[in-house]
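Trainee: Enclosed is the structure file target-v8.csv (CSV, C-alpha atoms).
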```csv
chain,number,residue,atom,x,y,z
A,771,MET,CA,-0.6,4.2,-5.5
A,772,PRO,CA,-5.7,6.2,-15.9
A,773,ALA,CA,-4.8,9.4,-17.8
A,774,LEU,CA,-5.9,12.4,-15.8
A,775,ARG,CA,-8.1,10.3,-13.5
A,776,SER,CA,-6.8,12.2,-10.5
A,777,ARG,CA,-9.9,11.5,-8.5
A,778,HIS,CA,-9.2,7.8,-7.8
A,779,ILE,CA,-8.5,8.1,-4.2
A,780,CYS,CA,-7.4,5.6,-1.6
A,781,SER,CA,-4.3,5.1,0.5
A,782,VAL,CA,-3.5,2.8,-2.1
A,783,ALA,CA,-5.7,4.6,-4.6
A,784,ALA,CA,-4.7,8.1,-3.6
A,785,ALA,CA,-1.1,7.4,-4.4
A,786,LEU,CA,-2.2,4.9,-7.0
A,787,VAL,CA,-4.3,7.3,-8.9
A,788,LEU,CA,-1.7,9.9,-9.0
A,789,THR,CA,0.9,7.6,-10.5
A,790,VAL,CA,-1.6,6.6,-13.1
A,791,ALA,CA,-2.3,10.2,-13.9
A,792,ALA,CA,1.4,10.9,-14.3
A,793,PRO,CA,2.0,9.3,-17.7
A,794,ALA,CA,-0.5,11.5,-19.5
A,795,THR,CA,0.8,14.7,-18.0
A,796,ALA,CA,4.5,13.9,-18.2
A,797,ALA,CA,4.6,12.2,-21.6
A,798,THR,CA,4.3,13.8,-25.0
A,799,ALA,CA,1.2,13.2,-27.1
A,800,ASP,CA,3.1,10.7,-29.3
A,801,SER,CA,4.5,8.7,-26.4
A,802,SER,CA,1.2,8.8,-24.5
A,803,ALA,CA,-0.6,7.3,-27.4
A,804,ALA,CA,2.0,4.4,-27.4
A,805,LEU,CA,1.2,3.5,-23.8
A,806,ARG,CA,-1.1,0.8,-22.4
A,807,GLU,CA,-2.7,1.0,-19.0
A,808,VAL,CA,-2.3,-2.1,-16.9
A,809,LEU,CA,-2.5,-3.4,-13.3
A,810,PHE,CA,0.7,-4.4,-11.6
A,811,VAL,CA,0.2,-7.2,-9.0
A,812,GLY,CA,3.1,-7.7,-6.7
A,813,ASN,CA,3.5,-11.4,-5.8
A,814,ASN,CA,5.5,-10.9,-2.6
A,815,TRP,CA,6.6,-14.5,-1.9
A,816,ASP,CA,7.3,-15.3,-5.6
A,817,GLY,CA,9.4,-12.2,-6.3
A,818,THR,CA,7.3,-11.6,-9.4
A,819,ALA,CA,4.8,-9.1,-10.6
A,820,THR,CA,1.8,-10.2,-12.7
A,821,VAL,CA,0.7,-7.6,-15.2
A,822,LEU,CA,-3.0,-7.6,-16.0
A,823,LYS,CA,-5.4,-5.6,-18.2
A,824,SER,CA,-6.6,-2.7,-16.2
A,825,SER,CA,-10.3,-3.2,-16.9
A,826,GLY,CA,-12.7,-5.7,-18.5
A,827,ASP,CA,-11.7,-9.3,-18.1
A,828,PHE,CA,-8.4,-8.4,-16.4
A,829,ALA,CA,-6.6,-11.0,-18.5
A,830,GLU,CA,-2.9,-11.5,-18.0
A,831,VAL,CA,-0.6,-9.3,-20.2
A,832,GLY,CA,2.8,-10.5,-18.9
A,833,GLU,CA,5.0,-11.2,-15.9
A,834,ILE,CA,8.1,-9.6,-14.5
A,835,ASN,CA,10.9,-11.1,-12.4
A,836,VAL,CA,11.5,-8.4,-9.7
A,837,VAL,CA,14.5,-10.2,-8.2
A,838,PRO,CA,16.8,-10.8,-11.2
A,839,ASP,CA,19.8,-10.1,-8.8
A,840,LYS,CA,18.6,-12.5,-6.1
A,841,ALA,CA,21.8,-14.5,-5.9
A,842,GLN,CA,23.9,-11.4,-5.6
A,843,ARG,CA,21.7,-9.9,-2.9
A,844,ILE,CA,21.6,-13.0,-0.8
A,845,ALA,CA,25.4,-13.4,-1.1
A,846,GLU,CA,25.8,-9.9,0.3
A,847,ILE,CA,23.4,-10.6,3.1
A,848,ASN,CA,25.1,-13.9,4.1
A,849,ALA,CA,28.4,-12.0,4.3
A,850,ASN,CA,27.0,-9.4,6.7
A,851,PRO,CA,25.9,-10.8,10.1
A,852,ILE,CA,23.7,-7.7,10.9
A,853,LYS,CA,22.0,-7.8,7.5
A,854,TRP,CA,21.5,-11.6,7.9
A,855,ILE,CA,19.8,-11.1,11.3
A,856,TYR,CA,17.3,-8.6,9.8
A,857,TYR,CA,16.8,-10.7,6.7
A,858,THR,CA,16.0,-13.7,8.8
A,859,ALA,CA,13.7,-11.8,11.1
A,860,ILE,CA,11.7,-10.4,8.1
A,861,ARG,CA,11.3,-13.9,6.8
A,862,ASN,CA,10.2,-15.4,10.1
A,863,GLN,CA,8.0,-12.5,11.3
A,864,VAL,CA,6.5,-10.2,8.7
A,865,GLY,CA,7.0,-12.8,5.9
A,866,GLN,CA,5.3,-15.6,7.8
A,867,GLY,CA,8.3,-17.9,7.0
A,868,HIS,CA,8.7,-16.5,3.5
A,869,ASP,CA,11.1,-13.9,2.0
A,870,GLN,CA,9.4,-10.6,1.0
A,871,TYR,CA,10.5,-9.8,-2.5
A,872,VAL,CA,8.0,-7.1,-3.6
A,873,ASP,CA,6.0,-4.8,-1.4
A,874,ASP,CA,5.1,-1.9,-3.7
A,875,MET,CA,5.6,-0.9,-7.4
A,876,TYR,CA,4.9,1.9,-9.8
A,877,SER,CA,5.7,2.3,-13.5
A,878,THR,CA,7.7,5.3,-14.9
A,879,PRO,CA,5.8,7.9,-16.9
A,880,ASP,CA,7.1,6.5,-20.2
A,881,GLY,CA,6.0,3.0,-19.4
A,882,THR,CA,9.5,1.5,-20.0
A,883,SER,CA,10.3,0.6,-16.4
A,884,VAL,CA,8.8,-0.4,-13.1
A,885,VAL,CA,10.1,0.8,-9.7
A,886,VAL,CA,9.8,-1.8,-6.9
A,887,SER,CA,10.4,-1.7,-3.1
A,888,ARG,CA,11.8,-5.0,-1.9
A,889,PRO,CA,11.5,-5.6,1.9
A,890,SER,CA,13.9,-8.5,2.3
A,891,PHE,CA,16.6,-6.8,0.3
A,892,ALA,CA,16.1,-3.4,1.9
A,893,ASP,CA,16.1,-1.5,-1.4
A,894,VAL,CA,14.2,0.1,-4.2
A,895,VAL,CA,15.1,-1.0,-7.8
A,896,SER,CA,14.1,0.2,-11.3
A,897,ILE,CA,13.6,-2.7,-13.6
A,898,ASP,CA,13.6,-2.3,-17.4
A,899,LEU,CA,10.3,-3.8,-18.6
A,900,ALA,CA,11.8,-4.8,-22.0
A,901,THR,CA,14.8,-6.8,-20.6
A,902,ASP,CA,14.0,-7.5,-16.9
A,903,ARG,CA,17.3,-5.9,-16.0
A,904,ILE,CA,18.0,-3.5,-13.2
A,905,ASN,CA,18.4,0.2,-14.3
A,906,TRP,CA,19.3,1.4,-10.8
A,907,ARG,CA,19.2,0.3,-7.2
A,908,PHE,CA,18.8,2.4,-4.1
A,909,PRO,CA,19.5,0.7,-0.7
A,910,VAL,CA,17.2,2.3,1.8
A,911,ALA,CA,18.3,3.5,5.3
A,912,GLY,CA,18.0,0.6,7.8
A,913,TYR,CA,17.1,-2.9,6.9
A,914,ARG,CA,13.6,-3.0,5.3
A,915,ALA,CA,11.8,-1.1,2.5
A,916,ASP,CA,8.0,-0.8,2.6
A,917,HIS,CA,5.2,1.1,1.1
A,918,MET,CA,5.8,3.7,-1.6
A,919,ALA,CA,3.9,6.6,-3.3
A,920,VAL,CA,4.4,8.4,-6.6
A,921,SER,CA,4.0,12.2,-7.2
A,922,PRO,CA,1.3,13.4,-9.5
A,923,ASP,CA,3.8,14.2,-12.2
A,924,GLY,CA,5.3,10.8,-12.0
A,925,THR,CA,8.8,12.1,-11.3
A,926,LYS,CA,9.3,11.2,-7.6
A,927,VAL,CA,8.8,8.1,-5.5
A,928,ALA,CA,8.6,8.1,-1.7
A,929,VAL,CA,9.5,5.0,0.1
A,930,SER,CA,9.2,4.1,3.8
A,931,ALA,CA,12.4,2.9,5.3
A,932,SER,CA,10.6,1.1,8.1
A,933,THR,CA,13.4,0.2,10.5
A,934,ALA,CA,15.0,3.7,10.1
A,935,ASN,CA,11.8,5.6,10.9
A,936,LYS,CA,12.1,7.8,7.9
A,937,VAL,CA,10.7,8.3,4.4
A,938,GLN,CA,13.2,8.7,1.5
A,939,VAL,CA,12.1,10.5,-1.7
A,940,LEU,CA,13.8,9.4,-5.0
A,941,ASP,CA,14.0,10.6,-8.6
A,942,ILE,CA,12.0,7.9,-10.3
A,943,ASN,CA,14.3,7.9,-13.4
A,944,THR,CA,17.7,7.9,-11.8
A,945,GLY,CA,17.2,6.6,-8.2
A,946,LYS,CA,18.9,9.7,-6.8
A,947,GLU,CA,17.7,10.6,-3.4
A,948,LEU,CA,16.0,14.0,-3.5
A,949,GLY,CA,15.2,14.3,0.2
A,950,GLU,CA,13.9,12.6,3.3
A,951,PHE,CA,11.9,13.2,6.5
A,952,ALA,CA,11.6,11.6,9.9
A,953,THR,CA,8.4,9.8,10.9
A,954,GLY,CA,7.0,7.9,13.8
A,955,ASP,CA,8.0,4.2,14.5
A,956,LYS,CA,7.7,1.9,11.5
A,957,PRO,CA,6.5,4.2,8.7
A,958,HIS,CA,4.0,2.4,6.5
A,959,GLU,CA,1.6,4.0,4.0
A,960,ASN,CA,2.6,7.1,2.0
A,961,VAL,CA,0.1,9.3,0.1
A,962,PHE,CA,0.7,12.4,-2.1
A,963,THR,CA,-2.3,14.7,-1.5
A,964,ASN,CA,-3.7,18.0,-2.7
A,965,GLY,CA,-2.3,17.7,-6.2
A,966,GLY,CA,1.1,16.7,-4.9
A,967,LYS,CA,1.5,19.5,-2.4
A,968,TYR,CA,1.9,17.3,0.6
A,969,ILE,CA,3.0,13.8,1.5
A,970,TRP,CA,1.2,12.0,4.3
A,971,ASN,CA,3.0,9.2,6.1
A,972,MET,CA,1.3,6.8,8.5
A,973,ALA,CA,3.6,5.1,11.1
A,974,ILE,CA,2.1,1.9,12.5
A,975,GLY,CA,4.6,1.0,15.2
A,976,GLU,CA,5.5,-2.5,16.2
A,977,VAL,CA,3.2,-5.1,14.6
A,978,THR,CA,5.2,-8.3,15.2
A,979,SER,CA,4.9,-8.6,19.0
A,980,SER,CA,2.3,-10.6,20.8
A,981,LEU,CA,1.5,-7.7,23.2
A,982,ASP,CA,-1.8,-7.1,21.5
A,983,ASP,CA,-4.2,-6.5,24.4
A,984,PRO,CA,-5.3,-2.9,24.6
A,985,SER,CA,-3.7,-2.6,28.0
A,986,ALA,CA,-0.3,-3.2,26.3
A,987,ASP,CA,-1.0,-0.7,23.5
A,988,TRP,CA,1.7,1.6,24.8
A,989,THR,CA,4.4,-1.0,23.9
A,990,LYS,CA,3.7,-0.6,20.2
A,991,GLY,CA,5.7,2.6,19.9
A,992,ASP,CA,5.2,6.1,18.6
A,993,ARG,CA,2.5,6.0,16.0
A,994,HIS,CA,1.4,9.2,14.3
A,995,ILE,CA,0.7,10.7,10.9
A,996,THR,CA,3.4,13.0,9.5
A,997,VAL,CA,2.4,15.5,6.9
A,998,VAL,CA,5.3,17.2,5.0
A,999,ASP,CA,5.7,19.8,2.2
A,1000,ALA,CA,6.4,17.7,-0.9
A,1001,ALA,CA,8.8,20.3,-2.2
A,1002,THR,CA,10.9,20.9,1.0
A,1003,TYR,CA,10.2,17.7,3.0
A,1004,LYS,CA,9.6,19.9,6.0
A,1005,THR,CA,7.0,18.8,8.5
A,1006,VAL,CA,3.9,21.0,8.3
A,1007,ARG,CA,1.6,18.9,10.6
A,1008,THR,CA,1.8,16.0,13.0
A,1009,ILE,CA,-1.4,14.1,13.8
A,1010,ASP,CA,-1.5,11.8,16.8
A,1011,LEU,CA,-4.9,10.1,16.6
A,1012,ARG,CA,-4.6,8.8,20.2
A,1013,ASP,CA,-6.1,12.1,21.5
A,1014,ARG,CA,-8.8,12.1,18.8
A,1015,LEU,CA,-9.8,8.5,19.6
A,1016,ASP,CA,-9.9,9.1,23.3
A,1017,ALA,CA,-12.1,12.2,22.8
A,1018,ILE,CA,-14.9,10.1,21.4
A,1019,GLY,CA,-14.6,7.3,23.9
A,1020,LEU,CA,-12.4,4.9,21.9
A,1021,LYS,CA,-9.7,4.5,24.4
A,1022,ASP,CA,-9.2,0.8,23.6
A,1023,PHE,CA,-8.8,1.4,19.9
A,1024,SER,CA,-5.3,1.3,18.4
A,1025,ASP,CA,-4.0,4.5,16.8
A,1026,ALA,CA,-2.0,2.6,14.2
A,1027,VAL,CA,-3.4,3.8,10.9
A,1028,ARG,CA,-3.3,1.1,8.3
A,1029,PRO,CA,-4.5,1.8,4.7
A,1030,ALA,CA,-6.5,5.0,4.2
A,1031,ALA,CA,-8.7,6.6,1.5
A,1032,PHE,CA,-9.2,10.3,0.8
A,1033,THR,CA,-12.2,12.0,-0.7
A,1034,PRO,CA,-11.7,13.7,-4.1
A,1035,ASP,CA,-11.6,17.1,-2.5
A,1036,TRP,CA,-9.1,15.9,0.1
A,1037,SER,CA,-11.4,17.1,2.9
A,1038,LYS,CA,-11.9,13.7,4.6
A,1039,MET,CA,-9.9,10.6,5.3
A,1040,TYR,CA,-11.3,7.1,5.8
A,1041,PHE,CA,-8.8,4.9,7.6
A,1042,GLN,CA,-8.4,1.5,9.2
A,1043,VAL,CA,-6.6,0.8,12.4
A,1044,SER,CA,-5.0,-2.3,13.9
A,1045,PHE,CA,-7.3,-4.9,15.3
A,1046,PHE,CA,-10.6,-3.2,14.2
A,1047,ASN,CA,-13.1,-4.7,11.8
A,1048,GLY,CA,-14.2,-1.5,10.2
A,1049,PHE,CA,-13.0,2.0,9.5
A,1050,LEU,CA,-13.2,5.6,10.8
A,1051,GLU,CA,-13.9,9.0,9.1
A,1052,TYR,CA,-11.6,11.9,9.9
A,1053,ASP,CA,-12.4,15.5,9.0
A,1054,ILE,CA,-9.1,17.2,8.1
A,1055,ALA,CA,-10.2,20.8,8.6
A,1056,THR,CA,-11.7,20.3,12.0
A,1057,ASP,CA,-9.1,17.7,13.1
A,1058,LYS,CA,-11.8,15.4,14.4
A,1059,ILE,CA,-13.0,11.8,13.9
A,1060,THR,CA,-16.5,12.3,12.8
A,1061,ARG,CA,-17.9,8.8,12.2
A,1062,VAL,CA,-17.0,5.2,13.0
A,1063,LYS,CA,-18.2,2.2,11.0
A,1064,THR,CA,-18.0,-1.3,12.4
A,1065,LEU,CA,-18.3,-4.0,9.8
A,1066,PRO,CA,-19.6,-7.6,10.4
A,1067,ALA,CA,-17.3,-10.0,12.1
A,1068,ASN,CA,-16.9,-13.4,10.6
A,1069,PRO,CA,-18.0,-15.9,13.3
A,1070,ALA,CA,-15.2,-18.2,12.1
A,1071,THR,CA,-12.5,-15.6,12.8
A,1072,SER,CA,-10.6,-16.2,16.0
A,1073,THR,CA,-11.0,-13.7,18.7
A,1074,ASP,CA,-7.4,-14.2,19.7
A,1075,ARG,CA,-5.6,-11.0,18.5
A,1076,THR,CA,-2.2,-12.6,18.5
A,1077,THR,CA,-3.4,-14.8,15.6
A,1078,TRP,CA,-4.2,-11.9,13.4
A,1079,LEU,CA,-1.8,-11.1,10.6
A,1080,LEU,CA,0.6,-8.3,11.7
A,1081,ASP,CA,-2.1,-6.7,14.0
A,1082,SER,CA,-4.4,-6.4,11.0
A,1083,ARG,CA,-8.1,-7.1,11.2
A,1084,HIS,CA,-9.1,-5.3,8.1
A,1085,HIS,CA,-6.3,-4.1,5.7
A,1086,GLY,CA,-7.2,-2.5,2.4
A,1087,ILE,CA,-9.6,0.4,1.5
A,1088,SER,CA,-10.3,2.2,-1.7
A,1089,MET,CA,-12.8,4.8,-3.0
A,1090,SER,CA,-14.8,4.9,-6.2
A,1091,PRO,CA,-13.8,7.8,-8.5
A,1092,ASP,CA,-16.9,9.8,-7.7
A,1093,GLY,CA,-16.2,9.5,-4.0
A,1094,GLY,CA,-19.6,7.8,-3.4
A,1095,LYS,CA,-18.5,4.3,-2.4
A,1096,LEU,CA,-15.8,2.7,-0.3
A,1097,CYS,CA,-14.4,-0.8,-0.9
A,1098,VAL,CA,-13.0,-2.5,2.2
A,1099,ALA,CA,-10.9,-5.6,2.4
A,1100,GLY,CA,-11.8,-7.6,5.5
A,1101,THR,CA,-8.5,-9.4,5.8
A,1102,MET,CA,-8.9,-11.6,8.8
A,1103,ASP,CA,-12.7,-12.0,8.3
A,1104,ASN,CA,-12.2,-13.3,4.7
A,1105,TYR,CA,-14.5,-11.0,2.8
A,1106,ALA,CA,-14.6,-7.7,1.0
A,1107,THR,CA,-17.5,-5.3,0.8
A,1108,VAL,CA,-18.6,-2.1,-0.9
A,1109,VAL,CA,-19.9,0.6,1.6
A,1110,ASP,CA,-22.0,3.6,0.7
A,1111,ARG,CA,-20.1,6.6,1.9
A,1112,ALA,CA,-23.1,8.7,2.7
A,1113,THR,CA,-25.0,6.1,4.8
A,1114,LEU,CA,-22.0,3.8,5.7
A,1115,GLN,CA,-24.3,0.9,4.8
A,1116,GLU,CA,-22.3,-2.1,3.6
A,1117,GLY,CA,-23.4,-4.2,0.6
A,1118,PRO,CA,-23.0,-7.9,0.1
A,1119,LEU,CA,-20.1,-9.6,1.8
A,1120,VAL,CA,-18.0,-11.1,-1.0
A,1121,THR,CA,-16.1,-14.1,0.2
A,1122,ALA,CA,-12.3,-13.7,-0.2
A,1123,SER,CA,-9.3,-15.5,1.1
A,1124,THR,CA,-7.2,-13.2,3.2
A,1125,PRO,CA,-7.8,-10.1,1.1
A,1126,TYR,CA,-4.8,-7.9,1.6
A,1127,TRP,CA,-5.3,-4.8,-0.5
A,1128,ALA,CA,-8.0,-2.8,-2.3
A,1129,THR,CA,-7.7,-0.5,-5.3
A,1130,VAL,CA,-9.6,0.8,-8.3
A,1131,SER,CA,-9.8,-0.6,-11.9
A,1132,GLY,CA,-8.6,1.5,-14.8
A,1133,ASP,CA,-12.2,2.4,-15.9
A,1134,GLY,CA,-13.2,3.2,-12.3
A,1135,LYS,CA,-16.1,0.7,-12.3
A,1136,ASP,CA,-14.6,-2.0,-10.1
A,1137,CYS,CA,-12.8,-2.4,-6.8
A,1138,ILE,CA,-9.8,-4.7,-7.2
A,1139,ILE,CA,-8.7,-6.8,-4.1
A,1140,SER,CA,-5.7,-9.0,-3.8
A,1141,GLU,CA,-6.5,-12.4,-2.2
A,1142,SER,CA,-3.2,-13.4,-0.7
A,1143,GLY,CA,-4.6,-16.6,0.6
A,1144,ALA,CA,-5.8,-17.8,-2.9
A,1145,ASP,CA,-3.2,-16.3,-5.2
A,1146,GLN,CA,-5.7,-14.3,-7.2
A,1147,VAL,CA,-7.1,-10.9,-7.6
A,1148,THR,CA,-10.9,-10.3,-7.6
A,1149,ALA,CA,-12.9,-7.5,-9.1
A,1150,ILE,CA,-16.0,-6.2,-7.3
A,1151,ASP,CA,-18.5,-3.9,-9.0
A,1152,PHE,CA,-18.8,-0.6,-7.2
A,1153,ALA,CA,-22.4,-0.1,-8.3
A,1154,THR,CA,-23.7,-3.5,-7.2
A,1155,GLY,CA,-21.2,-4.7,-4.7
A,1156,GLN,CA,-21.2,-8.1,-6.5
A,1157,LYS,CA,-18.2,-10.0,-7.6
A,1158,VAL,CA,-17.3,-9.6,-11.3
A,1159,THR,CA,-14.4,-12.0,-11.8
A,1160,SER,CA,-11.2,-13.5,-10.3
A,1161,VAL,CA,-7.9,-13.9,-12.1
A,1162,PRO,CA,-5.0,-16.1,-10.9
A,1163,VAL,CA,-1.7,-14.5,-10.2
A,1164,GLY,CA,1.5,-15.5,-8.4
A,1165,ASP,CA,2.3,-16.5,-4.8
A,1166,HIS,CA,0.9,-14.2,-2.1
A,1167,PRO,CA,-0.3,-11.1,-4.0
A,1168,GLN,CA,-0.3,-8.0,-1.9
A,1169,ARG,CA,0.0,-4.5,-3.5
A,1170,VAL,CA,-1.9,-3.8,-6.7
A,1171,ARG,CA,-1.2,-0.6,-8.6
A,1172,LEU,CA,-2.4,0.9,-11.9
A,1173,GLY,CA,0.4,1.9,-14.3
A,1174,HIS,CA,1.5,1.8,-17.9
A,1175,VAL,CA,3.6,-0.4,-20.2
A,1176,GLN,CA,4.6,0.3,-23.8
A,1177,ALA,CA,1.9,-0.6,-26.3
A,1178,GLY,CA,2.4,-4.2,-27.5
A,1179,TRP,CA,4.4,-5.2,-24.4
A,1180,THR,CA,3.7,-8.8,-23.3
A,1181,GLY,CA,6.7,-9.4,-21.0
A,1182,PRO,CA,10.5,-9.0,-21.0
A,1183,SER,CA,12.4,-10.4,-23.9
A,1184,ALA,CA,14.3,-13.6,-23.5
A,1185,SER,CA,17.7,-12.0,-24.2
```
Give the structure from this file in structure tokens form.

Mentor:
Amino acid sequence: MPALRSRHICSVAAALVLTVAAPATAATADSSAALREVLFVGNNWDGTATVLKSSGDFAEVGEINVVPDKAQRIAEINANPIKWIYYTAIRNQVGQGHDQYVDDMYSTPDGTSVVVSRPSFADVVSIDLATDRINWRFPVAGYRADHMAVSPDGTKVAVSASTANKVQVLDINTGKELGEFATGDKPHENVFTNGGKYIWNMAIGEVTSSLDDPSADWTKGDRHITVVDAATYKTVRTIDLRDRLDAIGLKDFSDAVRPAAFTPDWSKMYFQVSFFNGFLEYDIATDKITRVKTLPANPATSTDRTTWLLDSRHHGISMSPDGGKLCVAGTMDNYATVVDRATLQEGPLVTASTPYWATVSGDGKDCIISESGADQVTAIDFATGQKVTSVPVGDHPQRVRLGHVQAGWTGPSAS
């Protein structure tokens, strides 16, 4: 979700790192020199994206309106009863009473546009960073657009069409669909792996019902990982973690994979699952869960699973560029922490308000979390585990992605 920094890995950061690497490989030397690395912060309830410096003090660079066509989209929805039903359901369930205007975003290799998935409008749009106007729009299959990922060369973007149980892959410059593949129920995270050879998709199933007791886990749907060839979009592997969890005695664990982080050599995956305050280690070659890490529970956190946000307990995990540290967002426990990957020992618990995502700063020194409950992003030093700084952003920040803008850019023009 920096030039040639292809070792920044996380479910966020795995896809992130690759999109950041893309501008340097896809752009010419002259255009590359004219780019500035930034952090895009999607403010889901605002319908804006705050653009910050990628390192250092993370000061604001500019802001983008990602719903410039809002009136037109809502008029279309109001004229279509089926679309209106889904739009309202998204607001009342996933959106907690708010419209969801920006889930995910990536910049184009030349730093002139940003591509955004918009759940409430069930589409992906490319927005010109100079004018805030829409370059192209792609309505996804079904009624909701979700997580995205960008190929290492920056030319393709994969988006989860969550109600259609498929992933659609688009040309990032034109919005033309290049291919698609079927997934489990409610596809969520996408990650390009192995230098762009594969796309991994994690289907999380139903997360809006109140049937959250382990005995009712079967009602959540078909949740599995789909691995496809990124050139042909043919499935090369399907991973149902239910069997892997049962094999180590974790029969009461959900098999809904939330964010995940891969090691730099793509040999291991660290992943979160619904309802669990911690993460698991999965060895890809042996197809086994090898370690389980339970992180501290906040005594103030309710034990009633139905009160947890969309079946989350912890939601957000990233890995330091050297693969030595993991950064975990303890969403419902209101903290974030850096964990040593070798020992799985956590560091200080950094207080945070509903941290919803974790990624890596441009210089690789810090973990960046979005605090959706405080409308800010916070940097945590990978080396010390201590908070560095917090920066205010818009309403309900969620996804944070590294990307590029043109040098000198400070926001769209007024024209």

Trainee: What does the distance between CA of Leu1050 in chain A and CA of Lys936 in chain A come to in Å, to one decimal place?

Mentor: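 Separation between CA of Leu1050 in chain A and CA of Lys936 in chain A: 25.6 Å.
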
Trainee: Skipping near chain neighbours, those fewer than 5 positions away, what residues fall within 6 Å of range 1148-1160 of chain A using only C-alpha atoms, listed as a PyMOL selection string?

Mentor: chain A and resi 1108+1117+1135-1139

Trainee: Hey, which bits of range 865-965 of chain A sit within 10 Å of range 983-992 of chain A, and for each residue what's the closest pair of atoms and how far apart in Å (one decimal), counting all atoms listed in the file, rows by chain and increasing number, as JSON lines?

Mentor:
```
{"residue": "A:Thr953", "atom": "CA", "partner": "A:Asp992", "partner_atom": "CA", "distance": 9.1}
{"residue": "A:Gly954", "atom": "CA", "partner": "A:Asp992", "partner_atom": "CA", "distance": 5.4}
{"residue": "A:Asp955", "atom": "CA", "partner": "A:Asp992", "partner_atom": "CA", "distance": 5.3}
{"residue": "A:Lys956", "atom": "CA", "partner": "A:Asp992", "partner_atom": "CA", "distance": 8.6}
```

Trainee: Skip Leu1015 in chain A itself and residues of its chain fewer than 3 positions away, then list as a ChimeraX atom specification all residues within 10 Å of it, counting only C-alpha atoms.

Mentor: /A:1010-1012,1018-1025,1050,1058-1059

Trainee: For the residues in the current selection, export C-alpha atoms as a compact mmCIF listing (two decimals), in the coordinates of the input.

Mentor:
```txt
# COMPACT_ATOMS: atom_id res chain seq x y z
CA ASP A 1010 -1.50 11.80 16.80
CA LEU A 1011 -4.90 10.10 16.60
CA ARG A 1012 -4.60 8.80 20.20
CA ILE A 1018 -14.90 10.10 21.40
CA GLY A 1019 -14.60 7.30 23.90
CA LEU A 1020 -12.40 4.90 21.90
CA LYS A 1021 -9.70 4.50 24.40
CA ASP A 1022 -9.20 0.80 23.60
CA PHE A 1023 -8.80 1.40 19.90
CA SER A 1024 -5.30 1.30 18.40
CA ASP A 1025 -4.00 4.50 16.80
CA LEU A 1050 -13.20 5.60 10.80
CA LYS A 1058 -11.80 15.40 14.40
CA ILE A 1059 -13.00 11.80 13.90
```

Trainee: Which polymer residues have any atom within 12 Å of an atom of Phe1045 in chain A, counting only C-alpha atoms, with same-chain residues fewer than 2 positions away left out, as a PDB file with C-alpha atoms, in the coordinates of the input?

Mentor:
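Result file is selection_16.pdb:
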```pdb
ATOM      1  CA  ILE A 974       2.100   1.900  12.500  1.00  0.00           C
ATOM      2  CA  VAL A 977       3.200  -5.100  14.600  1.00  0.00           C
ATOM      3  CA  ASP A 982      -1.800  -7.100  21.500  1.00  0.00           C
ATOM      4  CA  ASP A 983      -4.200  -6.500  24.400  1.00  0.00           C
ATOM      5  CA  PRO A 984      -5.300  -2.900  24.600  1.00  0.00           C
ATOM      6  CA  ASP A 987      -1.000  -0.700  23.500  1.00  0.00           C
ATOM      7  CA  ASP A1022      -9.200   0.800  23.600  1.00  0.00           C
ATOM      8  CA  PHE A1023      -8.800   1.400  19.900  1.00  0.00           C
ATOM      9  CA  SER A1024      -5.300   1.300  18.400  1.00  0.00           C
ATOM     10  CA  ASP A1025      -4.000   4.500  16.800  1.00  0.00           C
ATOM     11  CA  ALA A1026      -2.000   2.600  14.200  1.00  0.00           C
ATOM     12  CA  VAL A1027      -3.400   3.800  10.900  1.00  0.00           C
ATOM     13  CA  ARG A1028      -3.300   1.100   8.300  1.00  0.00           C
ATOM     14  CA  GLN A1042      -8.400   1.500   9.200  1.00  0.00           C
ATOM     15  CA  VAL A1043      -6.600   0.800  12.400  1.00  0.00           C
ATOM     16  CA  ASN A1047     -13.100  -4.700  11.800  1.00  0.00           C
ATOM     17  CA  GLY A1048     -14.200  -1.500  10.200  1.00  0.00           C
ATOM     18  CA  PHE A1049     -13.000   2.000   9.500  1.00  0.00           C
ATOM     19  CA  THR A1064     -18.000  -1.300  12.400  1.00  0.00           C
ATOM     20  CA  ALA A1067     -17.300 -10.000  12.100  1.00  0.00           C
ATOM     21  CA  SER A1072     -10.600 -16.200  16.000  1.00  0.00           C
ATOM     22  CA  THR A1073     -11.000 -13.700  18.700  1.00  0.00           C
ATOM     23  CA  ASP A1074      -7.400 -14.200  19.700  1.00  0.00           C
ATOM     24  CA  ARG A1075      -5.600 -11.000  18.500  1.00  0.00           C
ATOM     25  CA  THR A1076      -2.200 -12.600  18.500  1.00  0.00           C
ATOM     26  CA  THR A1077      -3.400 -14.800  15.600  1.00  0.00           C
ATOM     27  CA  TRP A1078      -4.200 -11.900  13.400  1.00  0.00           C
ATOM     28  CA  LEU A1079      -1.800 -11.100  10.600  1.00  0.00           C
ATOM     29  CA  LEU A1080       0.600  -8.300  11.700  1.00  0.00           C
ATOM     30  CA  ASP A1081      -2.100  -6.700  14.000  1.00  0.00           C
ATOM     31  CA  SER A1082      -4.400  -6.400  11.000  1.00  0.00           C
ATOM     32  CA  ARG A1083      -8.100  -7.100  11.200  1.00  0.00           C
ATOM     33  CA  HIS A1084      -9.100  -5.300   8.100  1.00  0.00           C
ATOM     34  CA  HIS A1085      -6.300  -4.100   5.700  1.00  0.00           C
ATOM     35  CA  GLY A1100     -11.800  -7.600   5.500  1.00  0.00           C
ATOM     36  CA  THR A1101      -8.500  -9.400   5.800  1.00  0.00           C
ATOM     37  CA  MET A1102      -8.900 -11.600   8.800  1.00  0.00           C
ATOM     38  CA  ASP A1103     -12.700 -12.000   8.300  1.00  0.00           C
TER      39      ASP A1103
END
```
